[in-house]
Structure formats: structure tokens, C-alpha cells
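One structure is given here, and the rest of the page talks about it.
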Amino acid sequence: MADVTRRRFLVRAIAVMAGAIAAMVGAPAIGYLIGPSSDRSGSGDWIPLGTATSVQPGDPVLMKATVERKSGWLTDSQEVSVFVSTENGQNFTALSNVCTHLGCRVRWVPDQSGFFCPCHNAVFARDGSVATGPPPRPLDSFETKLEDGTIFIKEA
Amino acid sequence: MANRKETRSARVGDWVDERSGWRLAWSTVFIRKIPKVNWLYTLGSATLFVLVIQVVTGVLLTFYYVPEPAQAHASVRYITHELSFGWLIRGLHHFGASAMVILTIAHMLRVVLYGAYKYPREITWLTGVMLLLLVFSFGFTGYLLPWDQRAYWASVVGTQIAEVTPFIGSWLKTVMLGGEEISALTLPRFYGAHVWALPAILLSLVGIHLYLVVRNGITSIPKKDE
Amino acid sequence: MNEQEKEEYLEEYAEEKKKGVDFFPDIIFKDTLVMLIVFLILFGLSAFEGAGLEEIADPTDDSYTPKPEWYFLFLFQLLKFFPGNIEVVGVIVLPTLAIAFLAALPWTDRSTRRHWSGRPLVTGVTAALFAGGVFLTVQALLEAPAPGGDAVTAQGDPVAELYSANCAGCHGTSVVANPGTDFYRVIAGGTHEGMPAFASDLTVEEIDSLVGFILVPRGNDTFAATCGDCHAVGDLVEIEPSELRDALALGADYSPHSGAGVPVWGEILSDDVQAQLLNFLSAPDGQRLWSQQCAACHGTSVAFEGGEAELRRVVIAGGSHLEMPSFREQLSDEEIAVLAGFVTGAEVGPEAAALWTASCFGCHGGRIPTATSHAAAVAAITTGGAHETMPVWGEVLTDEQLDSLVDYVVGVASGSGASGGKELYAQNCASCHGALGEGGPNPTRVGDIIAPISTAEYLETRDDRTLEAIIAQGQPNFGMSPFGSAFGGPLDNEQIDAIVAFMRAWEADPPVDLPPEVPDVPAATASGSEVFAQLCTQCHGVEGEGPIGPSLKDETWQASHTDEEIFDAINLGHSATPMIAWGEILSSAQIGELVSAIRDLGRPPPAGIPTFEANVLPIFERSCNLCHGTSGGWSGSTYSDTLLTGDPSPTIIPGDPLNSRLLQTLNGTHPQGVVMPPGSPLSDLDVETITNWIVGGAPEN
């Protein structure tokens with residue numbers, strides 16, 4: 001009987017110790033593997049686009065800014081393009097130029113007063129809402145602010 | 001087997017056993033008697049354990065490490081300082097290398113002490129000697145990979161030591177480095193050896209080594225008159 | 001082991017097994033417990049010690065002290081016991097024997113005895129191997145102090161510091177080497193064991209003093225005990241050995257020592273110790289000995305027709321082999337008397353030294369002959385003729401110094417005998433390094449610039465042996481192929497010597513000077529052309545013509561580089577050249593202006609009077625019409641618009657640039673508004689073109 005208890009104890013102890021080692025390697029390993037996905041550098045930064053004077057009431061203006069994005073140990077720059085428009089020269093609206101359907105670049109068509117996507121002939125209204133075509137949602141918009149005559153957008 | 005409770009897990013076990021024979025394999029390896037031994041006999045399994053640690057952490061390191069001079073150091077720094085638990089994975093691998101050396105040598109000394117290399121375990125011993133050399137080869141090739149000053153210069157010294165070999169020394173060094181000196185060609189070479197070539201050899205030899213250990217059993221502690 | 005013994009063993013083993021324990025769980029429990037302990041140790045080391053990561057590998061950093069991982073230290077340490085030719089024993093033979101011993105164990109030890117006491121040889125040898133490895137490892141750990149912390153510096157001796165900074169990391173506290181090792185060559189050129197070449201980091205004097213330190217460690221101790229109270233090593237290393245010998249021999253009679261209570265070291269110290277001290281302070285280096293001892297009279301001419309043995313005889317014997325002119329005709333009696341007083345050490349006025357410099361220095365250099373009496377000195381000066389002009393070097397120099405001096409002279413003499421150094425340089429080197437060693441773009445590596453090799457700094461920091469080695473072995477890292485025949489190149493040693501001798505001729509009057517660090521940081525407001533004039537002209541020439549840097553006005557250069565490339569080159573610089581990263585000094589805006597200023601170099605101002613269509617409109621199109629074409633106000637899109645639009649118009653008064661509103665706006669002389677174009681003014685060349693156009697009456701075509 002004592003032998004059985006001893007045996008049971010040994011098996012349990014082995015399981016506990018092996019489990020402890022596995023946990024101390026396994027849990028960190030999972031954190032290690034999924035680590036970069038939780039790292040969202042750059043979001044929430046204000047990106048300067050250009051001077052406010054270049055945007056006048058009327059047609060939206062396509063403005064470009066370069067954003068430094070860090071992936072692991074590398075930093076590369078990406079270009080962000082947004083359509084900026086204003087009603088009064090004080091408040092600005094910034095819309096992504098990426099069609100929400102399949103990611104084609106939309107362009108402003110003054111005649112139709114809308115954004116036209118060449119891929120599937122979708123049209124977005126001036127405020128970004130879908131006028132016609134397949135896109136599932138309006139153009140992405142950015143929060144904007146005006147500081148010292150420069151328009152900033154907030155990175156999503 | 002007949003009185004075994006018909007639990008679900010046992011049924012699954014039976015089903016798998018019928019198709020794989022795992023119970024036989026399990027009992028061959030684990031359910032056996034071995035002579036009474038002392039704590040020195042844990043050195044071999046401890047070496048095996050550290051090897052497993054090295055394999056696991058080594059595989060994990062390759063998820064981020066880039067064997068290219070411009071990026072190697074940056075990727076290692078990223079692993080060490082920025083990635084969550086990167087310090088642990090790299091630390092285990094780094095110190096595990098030293099542990100491998102210590103444990104392998106200690107294990108070997110135990111074998112010599114108890115005369116365990118004798119009949120019928122000669123092949124086990126021979127593979128063991130080869131494994132010792134392999135462990136050193138791992139240490140040498142792995143040391144360059146972080147591409148920091150210490151790694152670089154230690155490898156400069158190490159490869160220049162190889163040059164002393166009579167007749168083929170300088171040729172040997174050129175082959176090792178992929179050129180006259182440590183360059184962009186050297187790093188991928190060392191990486192390939194450390195991550196692909198050496199592990200393939202090592203794991204084959206470990207397989208033979210373990211098979212022989214199970215087949216022949218471990219030596220008993222020799223008595224004075226033996 | 002015969003069959004019966006085998007059977008017996010197997011039986012016995014089966015017996016042991018039956019009495020034994022269960023592998024699972026008993027043994028596995030022990031194993032798992034040990035695994036857990038091992039793992040916790042590794043975990044703890046990772047957490048508290050951490051796997052270190054040093055700076056990124058820098059192959060050019062020769063000051064780094066390489067050290068293998070600890071489990072290779074035994075091999076590293078073993079090497080120290082097997083220097084030179086027998087190195088192979090330590091590196092290959094011993095480890096191979098050890099491994100062979102281990103691998104062959106089951107076949108060499110065939111007895112049935114298993115207990116260790118029954119196998120004394122095997123257990124003994126194994127224990128010895130293990131103990132040896134541990135001993136070597138521990139010794140290496142103790143001997144090689146971590147860089148920075150070292151035992152040798154405690155003496156506060158600069159040479160010892162030099163030693164501990166450069167050598168102790170690998171060599172420990174002392175270097176053991178075969179007698180006759182050429183330490184200078186080893187230190188300057190490095191060895192194949194991984195010792196870097198120190199020639200580029202240490203000056204010739206530093207290497208000399210290191211050689212002295214290594215060769216005669218006791219010389220260093222002697223120095224500390226005898227001279228160290230008053231002198232720093234660096235001071236005395238500069239002094240000629242003959243003078244040092246005098247200082248030792250004369251005691252208080254040696255004039256700088258008079259009254260200082262200096263004992264007569266020559267009587268206190270044995271000859272051996274004195275030789276060590278002299279060797280320590282003036283270690284054998286032929287090149288330096290030549291410049292100290294011989295160059296004053298012989299200049300750089302080392303041509304010697306005879307053989308090595310004859311040269312050695314001449315040097316050792318010294319003697320009267322020079323004809324001194326008679327000064328009776330050239331100097332007045334008073335002057336001769338003054339000079340005689342000067343050489344006999346009598347009290348003379350300052351004019352004596354001046355006279356010496358004028359009449360005697362050319363041949364005698366700093367070595368003032370000593371005359372026994374005033375009359376003898378007068379006689380020697382007036383009659384001239386052959387008298388003892390060369391010291392008896394055999395008494396002054398140590399044997400090592402004589403050897404190296406003779407070697408040097410013979411070596412260089414045979415090299416310069418060919419006198420083809422200049423031609424050889426022109427044939428082999430000039431295509432990459434330039435006729436004057438000024439360097440230029442590296443043809444083997446795109447974007448790389450070869451730094452000048454004819455600067456004083458370059459030549460002074462590399463001795464002849466280093467230059468010879470560079471030429472002979474090439475610089476594979478930088479695309480220079482080996483030129484020495486021993487390395488597969490076209491030149492034999494004599495030819496390489498000749499090239500080095502030719503390069504040495506630059507040293508006295510370097511054709512190329514590196515720019516001083518940064519002369520003055522240009523003001524943040526300095527315009528592109530001002531910055532160019534202040535900084536860039538040093539290498540690129542006043543008009544961008546070179547010659548040190550590439551010609552910037554060259555058409556192909558202009559065509560093959562985009563503005564961005566030029567901007568990056570200025571901003572980031574080219575490593576290993578005088579072209580530093582100016583981005584650290586200049587603002588981006590200034591670099592931008594600099595780029596347009598450089599562009600101007602490639603566009604010479606138009607000859608004659610500029611016209612609107614050919615010269616002015618392109619400027620407007622480029623810089624003005626983006627805004628002005630569409631937004632009203634002045635427009636520069638056509639000739640008539642340019643002259644007629646604007647508020648108030650006209651903006652251009654042909655023939656009167658000062659009152660033309662356009663120019664006032666471009667120059668910032670108009671009281672209202674900003675300088676146009678806002679933020680990036682036109683380059684000086686553009687403004688000049690427009691000005692000339694207005695001065696010339698603003699023609700359309």
C-alpha cells in the first residue's frame with residue numbers, strides 16, 4: 001500500500017515539475033510569438049499635412065504626408081494621402097483616398113462633386129458617404145486639427 | 001487490459017494503440033527495471049533536457065532573427081530589449097549553450113568513471129564523443145550570429161586558429177568564412193550550419209544514442225572487485 | 001573480452017536489473033527534479049545576468065580585445081604555450097590526440113575491469129585532461145583582465161597603460177616569444193592568430209615603447225626605480241640613445257642633471273641593466289633610429305653601394321669619412337673663435353648659436369661636436385678636412401638597434417636604388433589614388449571615395465612596413481587588390497620599397513592637406529553659395545573643380561546624380577573620407593540651398609545678355625508660375641504678362657534693376673512682402689541671370 005502511495009506521489013511530482021517547466025517556457029513563448037501584434041506604434045500621433053491656406057472652400061485637396069512606421073527593428077516611411085476639404089477655412093474634414101470596397105485609390109471629380117473609384121465605378125459623396133456602387137461603408141475619415149496654420153490628422 | 005475501466009480516454013488510447021502500437025513503445029521506454037543508480041545518472045537526461053530547451057528556444061529565435069550583417073545585430077537587439085520575453089528566450093538559449101557544454105562533459109566524466117563505455121555500450125560511447133564535438137561546433141557557429149563586437153572578434157580569432165591546420169589551413173579558413181575574412185557571406189554560412197546542418201547531424205546521433213541507451217540499459221555502478 | 005566474459009557480464013547485469021528500480025516513475029522523478037533545477041538556474045541567469053549584446057560588429061575597430069566564449073578559452077590559453085612554429089601542436093595536435101584518446105577508449109581499454117580503481121591509466125589520463133582544461137580556462141580567466149580594469153596600470157606608467165590597453169587583454173601581463181621575434185613587425189602588422197595590426201592606431205613612438213616594454217619588462221621596472229621620479233617615459237623616448245647613455249654615465253656632470261643630485265647610474269647599474277633601460281627607452285626600429293641618428297647628416301639619402309656587412313662595419317666603427325670644408329675663407333677670426341667657444345662649451349653669447357645654425361647645422365644637425373680644447377676647435381674649423389664626424393655607433397647603440405638600423409638602410413637603399421618609385425606609382429597606383437595621392441571615387445565600389453594617401457597625417461601614422469604591407473597585400477575590404485608578387489600581384493619587394501620611398505618624399509611637403517576639422521560653423525542664415533564657399537571649396541575647389549573631392553561642375557557628374565542623391569551625400573557624408581555628414585552641422589534648408597548652388601556650378605551663366613525665352617522663362621516656370629500663373633497678380637507665364645501684369649505694374653523697368661519691383665522682391669530689398677519665392681529663395685545664379693536680363697534691356701529673344 002505504501003508502495004502505491006509512493007508511486008502516486010512520484011507520478012504527481014513528475015507531472016507538477018514537468019508542468020511547471022512547460023508553463024515557464026510555454027507561456028513566455030506565446031507572449032514572445034504574439035508580441036509584435038500588440039505593438040501598435042504610431043497610432044494616435046498627429047501627422048502634419050500642410051498649410052491651411054492650401055485648402056480653400058470648394059473642391060477637396062489631395063494632401064500627402066510621410067509617416068515613419070516602425071516594424072520590429074526597421075523603420076520605413078509610408079505615404080499617407082488624404083482629401084482635405086473645408087467649408088469655412090477653420091474646420092477641416094480629412095477623408096482617406098482608399099476606397100472601402102477593395103482598396104483602390106479614389107479621385108475627386110469636380111463635375112460630379114464626388115469621389116470616384118475607378119475599379120468598380122463607385123461614387124462617394126463629398127462627405128465620404130457612399131453614393132453609388134459596391135463599397136460597404138463610407139470613406140474612412142480622420143480627426144483633424146489646425147495649429148499654427150498647419151493641418152494635422154490623427155493617425156488611426 | 002481486460003479489467004481496464006472502459007473510460008473514454010482508455011477507449012481512445014486503445015483505438016490509437018491498435019493503429020500505432022504506442023503502448024508497446026511507451027512500455028519499452030518507460031516501464032522497465034534498471035539497476036540501482038545514483039544522482040550522477042541524471043546528467044545524461046539533464047543534457048537531453050537542455051538540448052530540448054536549445055531546440056525550442058532556437059526555433060523561437062529564428063522567428064525574428066535575420067542572418068544578414070546589416071540586420072542581424074538590430075534583430076537580436078530587438079529580441080533582447082523590445083520583444084516581450086525575448087530576454088528569456090535568448091537568455092535560455094545563451095546560457096543553455098554553456099549548460100550543454102558543462103553537462104555533456106560532466107556526463108562524459110561519469111561514463112569514464114564507471115567504465116560505462118565498455119561492452120556492450122561501445123557505440124553509445126562513440127556517438128557520445130561525436131556529440132561532444134558537435135556541441136562545441138554549435139557553440140562556435142552560434143557565437144557569431146548576434147553580430148556584435150564580441151561575436152565578430154571571437155570569430156576572427158577562432159577562424160584564424162583554424163588556419164594553423166597544416167597544409168589545408170588557409171583553405172579551411174576560406175571555406176569556413178566563405179572568403180578571406182568574415183563578411184556578408186560568413187554570417188549566412190554560420191547560420192545555415194548552426195540552424196540546419198548541425199542540428200540534423202546532432203538529432204540523428206542523439207536518436208542513435210538514446211536508442212542504444214534504451215536497448216542496452218544503463219550501467220550499474222561497478223563494485224570494487226568488478 | 002571473450003564470449004564467456006561477455007555472457008558473464010550480461011548475466012550479472014540482468015541480475016542487477018532485477019534487483020533494480022522502476023525507470024518510471026522512480027528514475028524519471030530524479031531526472032525531472034534535476035531538469036527543474038537546471039531550468040531554474042538558466043531562468044535565473046537569463047533574468048538577472050541576461051544574454052549580453054555589445055555594439056554592432058565593427059571590423060575596423062582594432063582596439064577591441066577579442067575574447068572567445070569561456071568554453072573555448074582553454075584552447076586560446078593553450079596557444080600561449082605554443083608560440084610561433086609549434087603553434088600547430090597546441091591548436092591541432094593536442095586537441096586531436098585528446099579526442100582520439102576518448103574515441104578509442106573502448107578499444108584501448110579492453111579489460112573487464114569496470115571499477116575506476118581497476119583502470120588507473122584511463123581514469124588518470126581523463127582526470128589529467130579534465131584538470132588541464134579547467135586549469136587553462138581558469139588561468140585564461142585570471143590572466144586576461146576585462147578591458148579597462150587591469151593590474152598593470154597601477155604603476156601609473158604610460159607605456160604600461162599602453163600595454164594594458166592594447167595587449168594585456170589577450171597576452172596577460174607579459175608576452176613570451178621566441179628570441180629574435182621581430183616585435184615591431186608583429187605589433188605593426190598583426191599576426192594570423194587574430195592579433196590586429198596596430199600600425200594605424202599607434203604612433204611609431206608608441207609601438208617602439210611597447211616593443212621596449214615587452215622585450216625588456218625589467219627595463220620598465222628599472223625606469224620606474226631610477227628615472228621615474230623625475231621623468232615621464234614619453235619625454236625620454238624622444239631623446240637620442242647616445243644622450244641617454246651620457247646621462248647614465250656622467251651623473252651630475254651631465255649638464256641637465258647638474259645640481260639635481262643625480263647619482264652616476266653608470267656605476268650603480270650593471271651593463272645589462274643599462275642596456276635594458278636603453279632598449280626600453282629606445283626600442284629597435286631602424287626607421288626611427290635613422291631619423292634620429294643619421295638623417296641630420298645624411299638626410300633621406302640612404303643609398304649605400306656596399307653590402308650589409310660593410311655597412312655594419314662603417315656604422316659600428318664610425319670615423320672620418322667626411323670632408324669638412326675649410327672655414328678660414330668663409331668666417332672671420334672672431335666668428336671662428338665664437339664657434340670654437342660654442343663647441344667647447346665655453347660661455348658664449350646668443351650669437352654663437354645663430355652662427356652654429358647658419359654654418360654648421362646643415363651637416364652636424366643637432367649633434368654638437370665636442371672639442372678637447374679651444375685651440376683644437378679653432379684648428380678643426382679653420383682647416384676643415386677629414387675628421388671624426390660620425391660617432392662610433394658601436395659604442396652608442398645596442399646590438400638590436402644596430403641590427404635594425406642596418407636592416408633599414410640596406411632595405412631602403414636597395415629599394416631606392418631602382419629609383420623608379422615615381423614611375424611605378426604612376427603605373428600602378430595613380431589610376432585610383434591620383435597622381436598626387438589625392439584619392440577620388442573608388443572605381444571598384446560604387447559610391448565609395450578613396451581618401452587621400454599623401455597627407456602628412458596619413459604618412460606620419462604609417463611606417464614603411466605598414467605601407468609595404470598595404471601595397472603587397474592590398475586592402476580587400478576596400479577593393480584594393482594585392483600588388484605584392486607573394487600575394488599574386490605584379491610587384492616584387494624592391495619595387496614596393498621604391499613606391500614607399502616615393503611616397504615618403506611627400507611627407508616633407510604633403511601635396512594634399514585635409515581640411516581642418518570644421519573651420520567655422522557657418523551661420524544658420526548663410527546662403528547655399530556662402531556655405532559652399534566656406535566649406536566645400538576646401539576639397540571641391542572654388543568653382544567645384546576638385547581636385548580632392550570629385551569635380552562638381554563636371555557634366556557627367558551633374559547628369560549622373562539626382563538632387564536627392566546630392567542632398568543625401570551632403571547630409572550623410574561618405575564614411576572614411578573627409579566628406580563628413582554635414583547634416584550634423586547644416587540645416588536641411590541650407591543643404592537644400594547647397595544642392596541648388598552645386599547645380600549652378602554645372603550651369604554656367606549664359607554668355608552675353610540673357611533673353612526671356614532662353615534664360616528667364618525657365619526660371620519663372622520652375623520657381624514662380626506654380627503660384628503666380630493662376631492666382632492673379634503678377635504672372636510670369638509669357639513675355640508680355642511678365643512686363644505688364646502686377647500691382648502696381650510694371651514690375652520690371654528694363655535697364656534699371658534697382659528700381660524693378662521684381663528684383664527688389666527677389667533680393668528682399670522691397671519694404672513690403674516677403675522674399676519670393678517664400679521659403680526657398682532663388683539661387684544666386686538665377687538672380688544674377690534675371691538682373692543681367694533687366695540690365696540688358698529685358699529682351700524677349
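How things are named: the first chain in the C-alpha cells is A, the next is B, and so on; residues count from 1 in each chain; ligands count from 1 in the order shown.
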
Who sits within 12 Å of Leu134 of chain B, only C-alpha atoms, same chain under 4 positions skipped, as a PyMOL selection string = chain B and resi 51+97+100-101+104+127-130+138-142+193-194+197-206

Expected answer as a ChimeraX atom specification: chain C residues within 9 Å of chain A, only C-alpha atoms = /C:24-26,28-30,32-33,35-36,39-40,43

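In this structure, the chain C residues at most 6 Å away from chain B are Glu16, Lys17, Gly20, Val21, Asp22, Phe23, Phe24, Asp31, Met35, Leu42, Ser46, Gly50, Ala51, Glu54, Glu55, Ile56, Ala57, Pro66, Lys67, Pro68, Val88, Ala103, Pro106, Arg113, Arg114, His115, Trp116, Glu193 and Gly194 of chain C, with only C-alpha atoms considered.
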
Restricted to C-alpha atoms, what would the selected residues look like written as a compact mmCIF listing (two decimals), in the first residue's frame?
# COMPACT_ATOMS: atom_id res chain seq x y z
CA GLU C 16 21.33 -6.07 -11.15
CA LYS C 17 18.35 -5.09 -13.24
CA GLY C 20 16.83 -2.55 -9.53
CA VAL C 21 14.17 0.10 -9.57
CA ASP C 22 11.44 1.18 -11.92
CA PHE C 23 12.58 3.57 -14.58
CA PHE C 24 9.18 5.20 -14.39
CA ASP C 31 15.64 13.25 -13.74
CA MET C 35 15.79 19.23 -15.02
CA LEU C 42 19.03 29.03 -16.63
CA SER C 46 18.53 34.98 -18.06
CA GLY C 50 20.94 38.36 -19.22
CA ALA C 51 22.49 37.44 -22.52
CA GLU C 54 27.61 44.55 -27.33
CA GLU C 55 27.85 47.20 -30.01
CA ILE C 56 27.37 46.08 -33.58
CA ALA C 57 30.42 44.37 -35.07
CA PRO C 66 38.76 39.70 -28.72
CA LYS C 67 37.94 37.01 -26.27
CA PRO C 68 36.37 33.65 -27.08
CA VAL C 88 50.15 23.70 -34.64
CA ALA C 103 37.01 7.96 -29.04
CA PRO C 106 36.51 1.14 -25.63
CA ARG C 113 37.58 -4.18 -15.03
CA ARG C 114 34.90 -1.57 -14.62
CA HIS C 115 35.60 -0.01 -11.26
CA TRP C 116 37.73 3.12 -11.63
CA GLU C 193 46.37 34.40 -34.80
CA GLY C 194 43.89 37.20 -34.76

For the interface of chain B with chain A (cut-off 7 Å, counting only C-alpha atoms), please tabulate each contacting residue of chain B alongside its nearest pair of atoms and their separation in Å to one decimal, rows sorted by chain and increasing number, as a Markdown table.
| residue | atom | partner | partner_atom | distance |
| --- | --- | --- | --- | --- |
| B:Ala74 | CA | A:Trp73 | CA | 5.8 |
| B:Ser75 | CA | A:Trp73 | CA | 6.0 |
| B:Tyr78 | CA | A:Trp73 | CA | 5.9 |
| B:Leu83 | CA | A:Gly35 | CA | 6.2 |
| B:Ser84 | CA | A:Tyr32 | CA | 5.3 |
| B:Phe85 | CA | A:Tyr32 | CA | 5.4 |
| B:Gly86 | CA | A:Tyr32 | CA | 6.1 |

Residues of segment 14-117 of chain A in strand (DSSP E or B), written as an MDAnalysis selection string = chainID A and resid 46:51 61:71 74:86 92:96 98 105 107:109 114:117

Prev. selection, C-alpha atoms, output as a PDB file, in the first residue's frame:
ATOM      1  CA  TRP A  46      -0.730  63.777 -35.101  1.00  0.00           C
ATOM      2  CA  ILE A  47       0.626  63.899 -38.636  1.00  0.00           C
ATOM      3  CA  PRO A  48       1.212  67.320 -40.218  1.00  0.00           C
ATOM      4  CA  LEU A  49      -0.287  67.554 -43.680  1.00  0.00           C
ATOM      5  CA  GLY A  50       0.422  71.059 -44.911  1.00  0.00           C
ATOM      6  CA  THR A  51      -0.564  74.649 -44.601  1.00  0.00           C
ATOM      7  CA  VAL A  61      -7.451  68.929 -51.950  1.00  0.00           C
ATOM      8  CA  LEU A  62      -5.392  65.758 -52.008  1.00  0.00           C
ATOM      9  CA  MET A  63      -2.639  66.160 -49.410  1.00  0.00           C
ATOM     10  CA  LYS A  64       0.194  63.763 -48.767  1.00  0.00           C
ATOM     11  CA  ALA A  65       2.281  63.181 -45.717  1.00  0.00           C
ATOM     12  CA  THR A  66       5.036  60.742 -44.973  1.00  0.00           C
ATOM     13  CA  VAL A  67       4.704  58.669 -41.860  1.00  0.00           C
ATOM     14  CA  GLU A  68       7.549  56.779 -40.245  1.00  0.00           C
ATOM     15  CA  ARG A  69       6.358  53.353 -39.327  1.00  0.00           C
ATOM     16  CA  LYS A  70       8.419  51.056 -37.173  1.00  0.00           C
ATOM     17  CA  SER A  71       8.206  47.341 -37.812  1.00  0.00           C
ATOM     18  CA  LEU A  74      13.233  48.529 -39.144  1.00  0.00           C
ATOM     19  CA  THR A  75      11.724  51.907 -39.735  1.00  0.00           C
ATOM     20  CA  ASP A  76      10.271  52.679 -43.106  1.00  0.00           C
ATOM     21  CA  SER A  77       8.289  55.588 -44.351  1.00  0.00           C
ATOM     22  CA  GLN A  78       4.867  55.284 -45.808  1.00  0.00           C
ATOM     23  CA  GLU A  79       2.926  57.855 -47.675  1.00  0.00           C
ATOM     24  CA  VAL A  80      -0.483  58.775 -46.399  1.00  0.00           C
ATOM     25  CA  SER A  81      -2.825  60.538 -48.825  1.00  0.00           C
ATOM     26  CA  VAL A  82      -5.984  62.245 -47.649  1.00  0.00           C
ATOM     27  CA  PHE A  83      -8.547  64.507 -49.210  1.00  0.00           C
ATOM     28  CA  VAL A  84      -8.915  67.631 -47.116  1.00  0.00           C
ATOM     29  CA  SER A  85     -11.828  69.976 -47.551  1.00  0.00           C
ATOM     30  CA  THR A  86     -13.219  72.884 -45.622  1.00  0.00           C
ATOM     31  CA  PHE A  92     -11.321  70.731 -41.917  1.00  0.00           C
ATOM     32  CA  THR A  93     -12.535  67.329 -42.973  1.00  0.00           C
ATOM     33  CA  ALA A  94      -9.961  64.699 -43.892  1.00  0.00           C
ATOM     34  CA  LEU A  95     -11.019  61.616 -45.828  1.00  0.00           C
ATOM     35  CA  SER A  96      -8.860  58.660 -46.792  1.00  0.00           C
ATOM     36  CA  VAL A  98      -8.674  54.475 -50.198  1.00  0.00           C
ATOM     37  CA  ARG A 105      -7.493  54.946 -54.806  1.00  0.00           C
ATOM     38  CA  ARG A 107     -10.146  60.631 -57.046  1.00  0.00           C
ATOM     39  CA  TRP A 108     -12.183  63.789 -56.807  1.00  0.00           C
ATOM     40  CA  VAL A 109     -14.343  64.550 -59.805  1.00  0.00           C
ATOM     41  CA  GLY A 114     -17.962  63.357 -55.598  1.00  0.00           C
ATOM     42  CA  PHE A 115     -15.139  60.856 -55.192  1.00  0.00           C
ATOM     43  CA  PHE A 116     -14.953  58.362 -57.986  1.00  0.00           C
ATOM     44  CA  CYS A 117     -13.388  54.938 -57.650  1.00  0.00           C
TER      45      CYS A 117
END

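Pairwise distance (atom CA of Gly696 of chain C, atom CA of Gln558 of chain C) equals 29.5 Å.
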
Could you pull the residues within 9 Å of Pro699 of chain C, counting only C-alpha atoms, minus those fewer than 3 positions along the same chain, as a VMD selection string?
-> chain C and resid 609 to 613 654 693 to 694 696

Keeping only N, CA and C atoms, take the residues you just selected and write them out as a compact mmCIF listing (two decimals), in the first residue's frame.
# COMPACT_ATOMS: atom_id res chain seq x y z
N ILE C 609 23.90 88.79 -73.19
CA ILE C 609 22.72 89.22 -72.45
C ILE C 609 21.69 88.09 -72.45
N PRO C 610 21.20 87.71 -71.26
CA PRO C 610 20.18 86.67 -71.21
C PRO C 610 18.91 87.15 -71.91
N THR C 611 18.15 86.22 -72.46
CA THR C 611 16.88 86.58 -73.07
C THR C 611 15.76 85.91 -72.29
N PHE C 612 14.56 86.46 -72.52
CA PHE C 612 13.41 85.96 -71.78
C PHE C 612 13.14 84.50 -72.10
N GLU C 613 13.04 84.20 -73.40
CA GLU C 613 12.64 82.85 -73.79
C GLU C 613 13.68 81.82 -73.36
N PRO C 654 13.13 97.90 -67.72
CA PRO C 654 14.32 97.47 -68.45
C PRO C 654 15.48 98.45 -68.27
N TRP C 693 19.52 90.23 -67.31
CA TRP C 693 18.47 90.36 -68.34
C TRP C 693 17.85 91.76 -68.27
N ILE C 694 17.58 92.22 -67.06
CA ILE C 694 16.98 93.55 -66.92
C ILE C 694 17.99 94.63 -67.33
N GLY C 696 20.32 94.35 -69.40
CA GLY C 696 20.48 94.32 -70.84
C GLY C 696 19.23 94.76 -71.59

Neighbours of Gly484 of chain C within 7 Å (only C-alpha atoms; same-chain residues fewer than 3 positions away dropped), as an mmCIF file with C-alpha atoms, in the first residue's frame?
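Final file, selection_8.cif:
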data_model
loop_
_atom_site.group_PDB
_atom_site.id
_atom_site.type_symbol
_atom_site.label_atom_id
_atom_site.label_comp_id
_atom_site.auth_asym_id
_atom_site.auth_seq_id
_atom_site.Cartn_x
_atom_site.Cartn_y
_atom_site.Cartn_z
ATOM 1 C CA ILE C 471 50.706 47.594 -51.079
ATOM 2 C CA ALA C 472 51.779 43.973 -51.008
ATOM 3 C CA GLN C 473 48.599 42.537 -49.517
ATOM 4 C CA PHE C 487 50.203 37.645 -52.947
ATOM 5 C CA GLY C 488 49.732 37.230 -56.655
ATOM 6 C CA GLY C 489 50.425 40.817 -57.634
ATOM 7 C CA PRO C 490 52.819 42.265 -60.195
ATOM 8 C CA LEU C 491 55.425 43.936 -57.936
ATOM 9 C CA ASP C 492 58.421 42.440 -56.207
ATOM 10 C CA ASN C 493 59.623 43.673 -52.845
#

Suppose you want the space between atom CA of Ile453 of chain C and atom CA of Ala184 of chain B; what is it in Å?
-> 27.6 Å

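The coordinates place atom CA of Leu97 of chain C at 18.1 Å from atom CA of Gly169 of chain B.
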
Return as a VMD selection string the full set of residues in chain B whose backbone-based DSSP assignment is alpha helix (DSSP H).
-> chain B and resid 8 to 20 22 to 29 42 to 62 69 to 77 86 to 113 122 to 144 149 to 162 169 to 177 186 to 192 198 to 216

Please provide as a list in words all residues within 12 Å of Phe567 of chain C, with the sequence filter that same-chain residues fewer than 2 positions apart are discarded (counting only C-alpha atoms).
->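 My reading of the contact set: His561, Thr562, Asp563, Glu564, Glu565, Ala569, Ile570, Asn571, Leu572, Gly573, Ala581, Trp582, Gly583, Leu586, Ser587, Ser588, Ala589, Gln590, Ile591, Gly592, Glu593, Leu594, Val595, Ser596, Ala597, Ile598 and Arg599 of chain C.
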